[in-house]
file protein_13.txt (compact mmCIF, C-alpha atoms)
# COMPACT_ATOMS: atom_id res chain seq x y z
CA MET O 1 101.13 141.94 75.12
CA SER O 2 100.65 138.27 75.94
CA ARG O 3 97.67 136.48 74.44
CA ILE O 4 97.64 133.92 77.27
CA LYS O 5 96.73 134.47 80.94
CA THR O 6 96.78 131.69 83.53
CA LEU O 7 96.26 131.95 87.26
CA ILE O 8 95.38 130.14 90.46
CA SER O 9 93.27 132.01 93.01
CA ASN O 10 90.89 131.53 95.89
CA ASP O 11 88.58 134.17 94.40
CA LEU O 12 88.09 133.80 90.64
CA ASP O 13 86.74 136.77 88.71
CA ILE O 14 84.77 136.24 85.47
CA GLU O 15 85.11 139.94 84.58
CA ASP O 16 88.88 139.46 84.49
CA ALA O 17 88.46 136.75 81.84
CA ILE O 18 86.09 138.91 79.77
CA ASN O 19 88.43 141.90 79.93
CA PHE O 20 91.54 139.86 79.09
CA THR O 21 90.04 138.13 76.04
CA ALA O 22 88.46 141.29 74.59
CA ASP O 23 89.98 142.12 71.21
CA ASP O 24 88.67 144.41 68.46
CA LYS O 25 89.68 141.82 65.85
CA HIS O 26 87.71 139.06 67.58
CA GLY O 27 84.01 138.51 66.95
CA ALA O 28 83.60 135.55 69.30
CA ALA O 29 84.42 134.47 72.82
CA ALA O 30 83.57 131.05 74.26
CA SER O 31 83.70 130.30 77.95
CA PHE O 32 83.40 127.47 80.40
CA ILE O 33 82.68 128.25 84.04
CA GLY O 34 82.74 125.42 86.54
CA TYR O 35 80.72 125.86 89.74
CA ILE O 36 80.72 123.90 92.99
CA ARG O 37 77.52 121.83 92.97
CA ASN O 38 75.62 120.61 96.00
CA HIS O 39 75.76 116.88 95.25
CA ASN O 40 78.13 114.20 93.98
CA GLU O 41 77.57 110.48 93.52
CA GLY O 42 74.41 110.50 95.62
CA GLN O 43 75.82 112.50 98.52
CA ALA O 44 74.81 116.01 99.56
CA VAL O 45 77.90 118.22 99.35
CA ASP O 46 78.47 121.11 101.75
CA GLY O 47 81.57 122.54 100.03
CA LEU O 48 85.00 121.45 98.94
CA THR O 49 88.65 122.28 99.34
CA TYR O 50 91.00 122.37 96.36
CA ASP O 51 94.65 121.44 96.68
CA VAL O 52 96.68 122.74 93.71
CA HIS O 53 100.34 122.34 92.79
CA GLU O 54 100.43 125.97 91.71
CA ALA O 55 103.79 126.16 89.92
CA LEU O 56 103.17 122.96 87.96
CA ALA O 57 99.55 123.90 87.22
CA ILE O 58 100.56 127.26 85.75
CA ASN O 59 103.18 125.55 83.61
CA ILE O 60 100.68 122.95 82.37
CA PHE O 61 97.96 125.56 81.71
CA GLU O 62 100.44 127.59 79.61
CA GLN O 63 101.38 124.45 77.64
CA MET O 64 97.69 123.75 77.03
CA ALA O 65 97.06 127.31 75.86
CA LYS O 66 100.04 127.22 73.49
CA GLU O 67 98.90 123.90 72.06
CA ALA O 68 95.40 125.33 71.55
CA GLN O 69 96.94 128.26 69.65
CA GLU O 70 98.90 125.79 67.52
CA ARG O 71 95.69 123.90 66.71
CA TRP O 72 93.17 126.71 66.31
CA GLY O 73 95.19 129.86 65.58
CA LYS O 74 98.02 131.93 66.98
CA ASP O 75 95.71 134.92 67.36
CA LEU O 76 93.48 133.21 69.95
CA LYS O 77 93.35 134.95 73.32
CA ILE O 78 93.15 132.37 76.09
CA TYR O 79 92.34 132.75 79.78
CA ILE O 80 92.63 129.79 82.18
CA ALA O 81 92.02 130.18 85.91
CA HIS O 82 91.50 127.56 88.62
CA ALA O 83 90.38 127.86 92.21
CA ASN O 84 92.49 126.88 95.21
CA GLY O 85 91.47 126.39 98.84
CA TYR O 86 87.96 126.18 100.24
CA GLN O 87 85.01 126.86 97.96
CA PRO O 88 81.36 126.90 99.09
CA ILE O 89 78.43 125.60 97.04
CA GLY O 90 78.00 127.94 94.07
CA GLY O 91 81.63 129.03 94.20
CA ILE O 92 83.60 129.22 90.96
CA ALA O 93 85.94 126.28 90.45
CA VAL O 94 87.39 127.04 87.04
CA VAL O 95 87.15 129.65 84.29
CA VAL O 96 88.24 129.06 80.70
CA MET O 97 87.61 131.76 78.09
CA VAL O 98 88.87 131.84 74.53
CA SER O 99 88.30 134.56 71.94
CA SER O 100 88.84 134.38 68.20
CA ALA O 101 87.85 136.09 64.98
CA HIS O 102 85.06 133.55 64.35
CA ARG O 103 83.07 131.27 66.67
CA ALA O 104 84.28 127.82 65.57
CA GLU O 105 87.84 128.30 66.76
CA SER O 106 86.96 129.65 70.20
CA LEU O 107 84.21 127.05 70.81
CA GLN O 108 86.48 124.14 69.85
CA ALA O 109 89.51 125.43 71.74
CA CYS O 110 87.50 126.12 74.90
CA ALA O 111 85.96 122.64 74.88
CA TRP O 112 89.37 121.04 74.33
CA ILE O 113 91.04 123.04 77.12
CA ILE O 114 88.49 122.15 79.80
CA GLU O 115 88.81 118.46 78.93
CA GLU O 116 92.58 118.74 79.21
CA ILE O 117 92.23 120.45 82.60
CA LYS O 118 89.94 117.67 83.83
CA HIS O 119 92.48 115.00 82.90
CA LYS O 120 95.89 116.66 83.34
CA ALA O 121 95.81 119.63 85.75
CA PRO O 122 97.62 118.93 89.06
CA VAL O 123 94.51 119.69 91.10
CA TRP O 124 92.83 117.66 93.84
CA LYS O 125 89.61 118.22 95.72
CA LYS O 126 88.34 117.08 99.08
CA GLU O 127 84.58 117.12 99.36
CA ALA O 128 82.85 117.90 102.63
CA TYR O 129 79.42 116.33 102.93
CA ILE O 130 76.33 117.47 104.80
CA SER O 131 76.66 114.24 106.81
CA GLY O 132 79.90 115.60 108.30
CA SER O 133 82.28 113.23 106.49
CA GLN O 134 84.97 114.26 103.99
CA GLN O 135 86.59 112.48 101.07
CA TRP O 136 89.22 113.08 98.39
CA THR O 137 87.49 112.59 95.05
CA LYS O 138 88.63 110.01 92.50
CA GLY O 139 90.61 111.17 89.51
CA HIS O 140 92.89 110.51 86.57
CA SER O 141 96.38 109.11 87.04
CA LEU O 142 99.25 111.19 85.62
CA ARG O 143 101.70 108.28 85.91
CA PRO O 144 103.73 108.10 82.69
CA ARG O 145 103.89 104.84 80.81
CA MET O 146 107.12 102.88 80.87
CA THR O 147 109.20 103.20 77.70
CA ASP O 148 108.65 99.48 77.02
CA ASP O 149 104.88 99.60 77.74
CA LYS O 150 102.73 98.59 74.78
CA MET H 1 122.34 107.22 98.07
CA THR H 2 120.48 110.26 96.74
CA LYS H 3 118.78 112.67 99.09
CA ILE H 4 115.42 114.11 97.97
CA THR H 5 112.70 116.17 99.61
CA LEU H 6 109.11 114.99 99.14
CA SER H 7 106.04 117.23 98.98
CA PRO H 8 102.65 115.46 99.12
CA PHE H 9 99.47 116.60 97.37
CA GLY H 10 95.83 115.53 97.48
CA HIS H 11 95.10 112.14 98.99
CA MET H 12 98.80 111.60 99.81
CA ARG H 13 98.53 114.33 102.47
CA GLU H 14 96.68 111.74 104.55
CA TYR H 15 99.93 109.75 104.74
CA ILE H 16 102.64 112.42 104.60
CA ALA H 17 101.58 115.52 106.50
CA GLU H 18 104.38 117.83 105.36
CA LYS H 19 107.66 117.93 103.47
CA MET H 20 109.88 114.94 104.20
CA ASP H 21 113.56 114.28 103.44
CA ILE H 22 114.49 110.74 102.41
CA GLN H 23 117.44 108.86 100.87
CA LEU H 24 116.95 106.59 97.87
CA ASP H 25 119.14 103.81 96.45
CA ASN H 26 117.23 103.98 93.16
CA PRO H 27 116.44 107.70 92.66
CA THR H 28 113.76 107.28 89.99
CA SER H 29 109.97 107.29 89.98
CA LEU H 30 110.08 103.51 90.11
CA GLY H 31 112.44 103.55 93.11
CA LEU H 32 110.42 106.18 94.91
CA ARG H 33 107.18 104.29 94.33
CA GLN H 34 108.76 101.16 95.84
CA TYR H 35 110.01 103.17 98.83
CA LEU H 36 106.61 104.76 99.46
CA SER H 37 104.77 101.44 99.11
CA ALA H 38 107.06 99.92 101.75
CA GLN H 39 106.64 102.89 104.10
CA PHE H 40 102.87 103.24 103.65
CA PRO H 41 101.47 99.79 102.77
CA ASP H 42 97.90 100.96 103.36
CA ALA H 43 98.34 103.42 100.49
CA ARG H 44 99.78 100.98 97.94
CA ALA H 45 96.81 101.18 95.59
CA ILE H 46 97.02 104.95 95.29
CA ILE H 47 100.84 105.05 95.27
CA ASP H 48 100.76 102.74 92.26
CA LEU H 49 98.82 105.47 90.40
CA CYS H 50 101.02 108.38 91.54
CA ALA H 51 103.25 110.44 89.28
CA PHE H 52 106.22 112.48 90.51
CA SER H 53 107.22 115.97 89.43
CA ASP H 54 109.25 119.07 90.15
CA ASP H 55 107.71 122.53 89.73
CA SER H 56 107.74 122.39 85.94
CA ARG H 57 107.20 118.84 84.71
CA ILE H 58 106.36 115.21 85.47
CA PHE H 59 109.29 112.79 85.52
CA ALA H 60 109.50 109.79 83.21
CA GLU H 61 109.49 106.47 85.05
CA GLU H 62 113.20 105.65 84.61
CA GLU H 63 114.51 109.24 84.81
CA LYS H 64 117.00 109.82 87.64
CA PHE H 65 116.31 112.46 90.31
CA SER H 66 119.27 114.72 91.08
CA ASP H 67 120.72 114.88 94.60
CA GLY H 68 118.78 117.44 96.64
CA ALA H 69 115.79 117.38 94.26
CA GLN H 70 112.40 118.63 95.44
CA ILE H 71 109.91 115.96 94.36
CA SER H 72 106.13 116.36 94.43
CA ILE H 73 103.91 113.30 94.87
CA LEU H 74 100.92 113.56 92.53
CA PRO H 75 98.03 111.14 93.13
CA PRO H 76 95.26 110.92 90.49
CA VAL H 77 94.01 114.42 89.64
CA CYS H 78 90.48 115.82 89.46
CA GLY H 79 90.54 119.45 88.36
CA GLY H 80 87.57 121.55 87.36
call {"tool": "encode", "arguments": {"input": "protein_13.txt", "output": "structure tokens"}}
result
Amino acid sequence: MSRIKTLISNDLDIEDAINFTADDKHGAAASFIGYIRNHNEGQAVDGLTYDVHEALAINIFEQMAKEAQERWGKDLKIYIAHANGYQPIGGIAVVVMVSSAHRAESLQACAWIIEEIKHKAPVWKKEAYISGSQQWTKGHSLRPRMTDDK
Amino acid sequence: MTKITLSPFGHMREYIAEKMDIQLDNPTSLGLRQYLSAQFPDARAIIDLCAFSDDSRIFAEEEKFSDGAQISILPPVCGG
């Protein structure tokens, strides 16, 4: 049975993460749950719409999970899920859960994975504001460096 | 000339509404970035930050696209 589960969905389920990472040999599970908040950079947010390159995102999430297992242990169970489409305030944007025999590995791996997602996942979001306007939020460029770049 | 099909994501959907077939003299990320900057001059700043991918990986800057390739345009990302 795989020790990695990745998915993209419009309706994320925290129970699914808990059930997947459960393991009788594991005494710890660390999680990060991202929610849609009602403000950003001084503007009142009404909701947002995610745009996800699903095939590439799944591939990148699996690479992240495998790298986390290389760093913190092959026995880690890792769950990574990201929302797609419209999400209201309070909706779940992302779920990362990692279980391990002891707490240090799962805490460190979970923190590392969510930072990787923030910087590398092919995900975009368009915020809708209470004022009626909408805007794509700023992000991190994935443009590779040239081979002769310093 | 190399024919490719473009798929926009995120902010680039404001400029390219749906999949678009184009022909490139220089079928690389560099060549595609030059083509897009010429076609959409208002978007030059964001195009300069775009990466290009297929369904499994991001292309290196000088890597050649194959004829008929499906290329995704990836502006700066903001997951989570």
call {"tool": "residues_around", "arguments": {"input": "protein_13.txt", "residues": "Ile58 in chain H", "least_positions_apart": "2", "cutoff": "12 Å", "atoms": "all atoms listed in the file", "output": "PyMOL selection string"}}
result
(chain O and resi 53+56-57+59-60+120-122+141-145) or (chain H and resi 28-29+50-56+60-63+65+71-74)
call {"tool": "closest_residue", "arguments": {"input": "protein_13.txt", "among": "O:Glu116, O:Asp24, O:Asp46, O:Glu62", "to": "Pro88 in chain O", "atoms": "all atoms listed in the file"}}
result
O:Asp46
call {"tool": "atom_distance", "arguments": {"input": "protein_13.txt", "atom1": "CA of Lys5 in chain O", "atom2": "CA of Ala101 in chain O"}}
result
18.3 Å
call {"tool": "closest_residue", "arguments": {"input": "protein_13.txt", "among": "O:Phe32, O:Tyr86, O:Trp112, O:Tyr129", "to": "chain H", "atoms": "all atoms listed in the file"}}
result
O:Phe32
call {"tool": "closest_residue", "arguments": {"input": "protein_13.txt", "among": "H:Gly31, H:Gly80, H:Pro41, H:Pro75", "to": "Ser7 in chain H", "atoms": "all atoms listed in the file"}}
result
H:Pro75
call {"tool": "residues_near_point", "arguments": {"input": "protein_13.txt", "point": "(85.0, 132.9, 84.4)", "cutoff": "8 Å", "atoms": "only C-alpha atoms", "output": "ChimeraX atom specification"}}
result
/O:12-18,31-33,81,92,94-97
call {"tool": "atom_distance", "arguments": {"input": "protein_13.txt", "atom1": "CA of Gln70 in chain H", "atom2": "CA of Ala65 in chain O"}}
result
26.3 Å
call {"tool": "closest_residue", "arguments": {"input": "protein_13.txt", "among": "H:Arg44, H:Arg33, H:Lys19, H:His11", "to": "chain O", "atoms": "all atoms listed in the file"}}
result
H:His11
call {"tool": "closest_residue", "arguments": {"input": "protein_13.txt", "among": "O:Arg71, O:Arg3, O:Arg37, O:Lys66", "to": "chain H", "atoms": "only C-alpha atoms"}}
result
O:Arg37
call {"tool": "residues_near_point", "arguments": {"input": "protein_13.txt", "point": "(75.0, 111.1, 98.0)", "cutoff": "12 Å", "atoms": "all atoms listed in the file", "output": "ChimeraX atom specification"}}
result
/O:38-46,127-131,133
call {"tool": "atom_distance", "arguments": {"input": "protein_13.txt", "atom1": "CA of Leu76 in chain O", "atom2": "CA of Gly91 in chain O"}}
result
27.3 Å
call {"tool": "closest_residue", "arguments": {"input": "protein_13.txt", "among": "O:Ile113, O:Ile36, O:Ile8, O:Ala93", "to": "chain H", "atoms": "all atoms listed in the file"}}
result
O:Ala93
call {"tool": "residues_around", "arguments": {"input": "protein_13.txt", "residues": "Asn26 in chain H", "least_positions_apart": "6", "cutoff": "10 Å", "atoms": "all atoms listed in the file", "output": "PyMOL selection string"}}
result
chain H and resi 1-2+32+34-35+62+64-65
call {"tool": "axis_aligned_box", "arguments": {"input": "protein_13.txt", "around": "range 75-78 of chain O", "padding_each_side": "4 Å", "output": "lines of an AutoDock Vina configuration file"}}
result
center_x = 94.4
center_y = 133.7
center_z = 71.7
size_x = 10.6
size_y = 10.6
size_z = 16.7
call {"tool": "residues_around", "arguments": {"input": "protein_13.txt", "residues": "Lys74 in chain O", "least_positions_apart": "5", "cutoff": "12 Å", "atoms": "all atoms listed in the file", "output": "list in words"}}
result
Ser2, Arg3, Ile4, Ala65, Lys66, Glu67, Ala68, Gln69, Val98, Ser99, Ser100, Ala101, Glu105, Ser106 and Ala109 of chain O
call {"tool": "decode", "arguments": {"input": "protein_13.txt", "residues": "range 106-141 of chain O", "atoms": "N, CA, C and O atoms", "output": "PDB file, in the first residue's frame"}}
result
ATOM      1  N   SER O 106       7.651  14.065  11.798  1.00  0.00           N
ATOM      2  CA  SER O 106       6.406  14.502  11.169  1.00  0.00           C
ATOM      3  C   SER O 106       6.256  16.029  11.236  1.00  0.00           C
ATOM      4  O   SER O 106       5.807  16.663  10.271  1.00  0.00           O
ATOM      5  N   LEU O 107       6.666  16.637  12.369  1.00  0.00           N
ATOM      6  CA  LEU O 107       6.581  18.102  12.480  1.00  0.00           C
ATOM      7  C   LEU O 107       7.479  18.776  11.439  1.00  0.00           C
ATOM      8  O   LEU O 107       7.064  19.719  10.756  1.00  0.00           O
ATOM      9  N   GLN O 108       8.708  18.299  11.321  1.00  0.00           N
ATOM     10  CA  GLN O 108       9.654  18.926  10.390  1.00  0.00           C
ATOM     11  C   GLN O 108       9.232  18.698   8.941  1.00  0.00           C
ATOM     12  O   GLN O 108       9.294  19.617   8.115  1.00  0.00           O
ATOM     13  N   ALA O 109       8.802  17.499   8.629  1.00  0.00           N
ATOM     14  CA  ALA O 109       8.412  17.199   7.241  1.00  0.00           C
ATOM     15  C   ALA O 109       7.175  18.000   6.843  1.00  0.00           C
ATOM     16  O   ALA O 109       7.094  18.535   5.733  1.00  0.00           O
ATOM     17  N   CYS O 110       6.214  18.116   7.749  1.00  0.00           N
ATOM     18  CA  CYS O 110       4.986  18.858   7.450  1.00  0.00           C
ATOM     19  C   CYS O 110       5.304  20.330   7.192  1.00  0.00           C
ATOM     20  O   CYS O 110       4.812  20.924   6.218  1.00  0.00           O
ATOM     21  N   ALA O 111       6.142  20.912   8.037  1.00  0.00           N
ATOM     22  CA  ALA O 111       6.508  22.331   7.869  1.00  0.00           C
ATOM     23  C   ALA O 111       7.247  22.533   6.548  1.00  0.00           C
ATOM     24  O   ALA O 111       7.005  23.522   5.832  1.00  0.00           O
ATOM     25  N   TRP O 112       8.124  21.610   6.210  1.00  0.00           N
ATOM     26  CA  TRP O 112       8.882  21.729   4.958  1.00  0.00           C
ATOM     27  C   TRP O 112       7.949  21.616   3.749  1.00  0.00           C
ATOM     28  O   TRP O 112       8.048  22.398   2.800  1.00  0.00           O
ATOM     29  N   ILE O 113       7.013  20.677   3.797  1.00  0.00           N
ATOM     30  CA  ILE O 113       6.125  20.460   2.646  1.00  0.00           C
ATOM     31  C   ILE O 113       5.248  21.685   2.385  1.00  0.00           C
ATOM     32  O   ILE O 113       5.091  22.112   1.242  1.00  0.00           O
ATOM     33  N   ILE O 114       4.691  22.298   3.418  1.00  0.00           N
ATOM     34  CA  ILE O 114       3.806  23.432   3.149  1.00  0.00           C
ATOM     35  C   ILE O 114       4.602  24.615   2.591  1.00  0.00           C
ATOM     36  O   ILE O 114       4.108  25.346   1.712  1.00  0.00           O
ATOM     37  N   GLU O 115       5.845  24.773   3.020  1.00  0.00           N
ATOM     38  CA  GLU O 115       6.666  25.838   2.427  1.00  0.00           C
ATOM     39  C   GLU O 115       6.954  25.550   0.957  1.00  0.00           C
ATOM     40  O   GLU O 115       6.933  26.462   0.114  1.00  0.00           O
ATOM     41  N   GLU O 116       7.211  24.292   0.635  1.00  0.00           N
ATOM     42  CA  GLU O 116       7.442  23.915  -0.753  1.00  0.00           C
ATOM     43  C   GLU O 116       6.186  24.179  -1.598  1.00  0.00           C
ATOM     44  O   GLU O 116       6.271  24.666  -2.727  1.00  0.00           O
ATOM     45  N   ILE O 117       5.033  23.843  -1.057  1.00  0.00           N
ATOM     46  CA  ILE O 117       3.778  24.078  -1.777  1.00  0.00           C
ATOM     47  C   ILE O 117       3.607  25.572  -2.061  1.00  0.00           C
ATOM     48  O   ILE O 117       3.245  25.977  -3.173  1.00  0.00           O
ATOM     49  N   LYS O 118       3.878  26.385  -1.043  1.00  0.00           N
ATOM     50  CA  LYS O 118       3.714  27.838  -1.209  1.00  0.00           C
ATOM     51  C   LYS O 118       4.583  28.386  -2.337  1.00  0.00           C
ATOM     52  O   LYS O 118       4.201  29.325  -3.025  1.00  0.00           O
ATOM     53  N   HIS O 119       5.764  27.805  -2.514  1.00  0.00           N
ATOM     54  CA  HIS O 119       6.721  28.353  -3.482  1.00  0.00           C
ATOM     55  C   HIS O 119       6.741  27.632  -4.819  1.00  0.00           C
ATOM     56  O   HIS O 119       7.200  28.211  -5.807  1.00  0.00           O
ATOM     57  N   LYS O 120       6.266  26.373  -4.882  1.00  0.00           N
ATOM     58  CA  LYS O 120       6.481  25.587  -6.098  1.00  0.00           C
ATOM     59  C   LYS O 120       5.228  24.963  -6.715  1.00  0.00           C
ATOM     60  O   LYS O 120       5.285  24.494  -7.857  1.00  0.00           O
ATOM     61  N   ALA O 121       4.125  24.910  -5.987  1.00  0.00           N
ATOM     62  CA  ALA O 121       2.937  24.242  -6.543  1.00  0.00           C
ATOM     63  C   ALA O 121       2.332  25.088  -7.665  1.00  0.00           C
ATOM     64  O   ALA O 121       2.176  26.307  -7.508  1.00  0.00           O
ATOM     65  N   PRO O 122       1.972  24.476  -8.791  1.00  0.00           N
ATOM     66  CA  PRO O 122       1.359  25.229  -9.896  1.00  0.00           C
ATOM     67  C   PRO O 122      -0.108  25.544  -9.591  1.00  0.00           C
ATOM     68  O   PRO O 122      -1.033  24.930 -10.120  1.00  0.00           O
ATOM     69  N   VAL O 123      -0.271  26.524  -8.717  1.00  0.00           N
ATOM     70  CA  VAL O 123      -1.589  26.915  -8.203  1.00  0.00           C
ATOM     71  C   VAL O 123      -1.667  28.443  -8.238  1.00  0.00           C
ATOM     72  O   VAL O 123      -0.711  29.123  -7.852  1.00  0.00           O
ATOM     73  N   TRP O 124      -2.817  28.938  -8.659  1.00  0.00           N
ATOM     74  CA  TRP O 124      -3.039  30.392  -8.713  1.00  0.00           C
ATOM     75  C   TRP O 124      -4.369  30.687  -8.044  1.00  0.00           C
ATOM     76  O   TRP O 124      -5.271  29.834  -8.032  1.00  0.00           O
ATOM     77  N   LYS O 125      -4.497  31.901  -7.505  1.00  0.00           N
ATOM     78  CA  LYS O 125      -5.784  32.233  -6.890  1.00  0.00           C
ATOM     79  C   LYS O 125      -6.196  33.649  -7.253  1.00  0.00           C
ATOM     80  O   LYS O 125      -5.373  34.571  -7.274  1.00  0.00           O
ATOM     81  N   LYS O 126      -7.489  33.762  -7.519  1.00  0.00           N
ATOM     82  CA  LYS O 126      -8.080  35.056  -7.847  1.00  0.00           C
ATOM     83  C   LYS O 126      -9.016  35.422  -6.708  1.00  0.00           C
ATOM     84  O   LYS O 126     -10.013  34.731  -6.465  1.00  0.00           O
ATOM     85  N   GLU O 127      -8.669  36.511  -6.014  1.00  0.00           N
ATOM     86  CA  GLU O 127      -9.471  36.933  -4.882  1.00  0.00           C
ATOM     87  C   GLU O 127     -10.629  37.802  -5.339  1.00  0.00           C
ATOM     88  O   GLU O 127     -10.455  38.672  -6.200  1.00  0.00           O
ATOM     89  N   ALA O 128     -11.774  37.572  -4.738  1.00  0.00           N
ATOM     90  CA  ALA O 128     -12.942  38.434  -4.954  1.00  0.00           C
ATOM     91  C   ALA O 128     -13.141  39.239  -3.673  1.00  0.00           C
ATOM     92  O   ALA O 128     -13.166  38.679  -2.573  1.00  0.00           O
ATOM     93  N   TYR O 129     -13.227  40.553  -3.827  1.00  0.00           N
ATOM     94  CA  TYR O 129     -13.323  41.429  -2.662  1.00  0.00           C
ATOM     95  C   TYR O 129     -14.762  41.875  -2.426  1.00  0.00           C
ATOM     96  O   TYR O 129     -15.587  41.900  -3.350  1.00  0.00           O
ATOM     97  N   ILE O 130     -15.023  42.256  -1.180  1.00  0.00           N
ATOM     98  CA  ILE O 130     -16.350  42.748  -0.804  1.00  0.00           C
ATOM     99  C   ILE O 130     -16.724  43.953  -1.668  1.00  0.00           C
ATOM    100  O   ILE O 130     -17.889  44.181  -1.995  1.00  0.00           O
ATOM    101  N   SER O 131     -15.717  44.711  -2.072  1.00  0.00           N
ATOM    102  CA  SER O 131     -15.949  45.913  -2.894  1.00  0.00           C
ATOM    103  C   SER O 131     -16.490  45.573  -4.290  1.00  0.00           C
ATOM    104  O   SER O 131     -16.968  46.448  -5.002  1.00  0.00           O
ATOM    105  N   GLY O 132     -16.381  44.295  -4.672  1.00  0.00           N
ATOM    106  CA  GLY O 132     -16.864  43.879  -5.991  1.00  0.00           C
ATOM    107  C   GLY O 132     -15.747  43.645  -7.001  1.00  0.00           C
ATOM    108  O   GLY O 132     -15.976  43.066  -8.053  1.00  0.00           O
ATOM    109  N   SER O 133     -14.529  44.097  -6.680  1.00  0.00           N
ATOM    110  CA  SER O 133     -13.409  43.888  -7.600  1.00  0.00           C
ATOM    111  C   SER O 133     -12.801  42.503  -7.396  1.00  0.00           C
ATOM    112  O   SER O 133     -13.084  41.814  -6.396  1.00  0.00           O
ATOM    113  N   GLN O 134     -11.953  42.101  -8.356  1.00  0.00           N
ATOM    114  CA  GLN O 134     -11.266  40.814  -8.285  1.00  0.00           C
ATOM    115  C   GLN O 134      -9.812  41.015  -8.696  1.00  0.00           C
ATOM    116  O   GLN O 134      -9.500  41.923  -9.475  1.00  0.00           O
ATOM    117  N   GLN O 135      -8.945  40.146  -8.206  1.00  0.00           N
ATOM    118  CA  GLN O 135      -7.527  40.293  -8.558  1.00  0.00           C
ATOM    119  C   GLN O 135      -6.790  38.967  -8.381  1.00  0.00           C
ATOM    120  O   GLN O 135      -6.987  38.268  -7.388  1.00  0.00           O
ATOM    121  N   TRP O 136      -5.932  38.637  -9.371  1.00  0.00           N
ATOM    122  CA  TRP O 136      -5.019  37.501  -9.201  1.00  0.00           C
ATOM    123  C   TRP O 136      -3.970  37.904  -8.176  1.00  0.00           C
ATOM    124  O   TRP O 136      -3.410  39.004  -8.250  1.00  0.00           O
ATOM    125  N   THR O 137      -3.685  37.041  -7.218  1.00  0.00           N
ATOM    126  CA  THR O 137      -2.718  37.406  -6.184  1.00  0.00           C
ATOM    127  C   THR O 137      -1.281  37.209  -6.681  1.00  0.00           C
ATOM    128  O   THR O 137      -1.022  36.407  -7.569  1.00  0.00           O
ATOM    129  N   LYS O 138      -0.363  37.974  -6.084  1.00  0.00           N
ATOM    130  CA  LYS O 138       1.048  37.885  -6.456  1.00  0.00           C
ATOM    131  C   LYS O 138       1.601  36.540  -6.005  1.00  0.00           C
ATOM    132  O   LYS O 138       1.069  35.901  -5.107  1.00  0.00           O
ATOM    133  N   GLY O 139       2.728  36.149  -6.629  1.00  0.00           N
ATOM    134  CA  GLY O 139       3.276  34.855  -6.265  1.00  0.00           C
ATOM    135  C   GLY O 139       4.754  34.720  -6.545  1.00  0.00           C
ATOM    136  O   GLY O 139       5.468  35.710  -6.694  1.00  0.00           O
ATOM    137  N   HIS O 140       5.183  33.470  -6.625  1.00  0.00           N
ATOM    138  CA  HIS O 140       6.593  33.127  -6.799  1.00  0.00           C
ATOM    139  C   HIS O 140       6.821  32.598  -8.210  1.00  0.00           C
ATOM    140  O   HIS O 140       6.138  31.670  -8.653  1.00  0.00           O
ATOM    141  N   SER O 141       7.805  33.165  -8.893  1.00  0.00           N
ATOM    142  CA  SER O 141       8.099  32.731 -10.257  1.00  0.00           C
ATOM    143  C   SER O 141       8.741  31.350 -10.263  1.00  0.00           C
ATOM    144  O   SER O 141       9.631  31.064  -9.457  1.00  0.00           O
TER     145      SER O 141
END
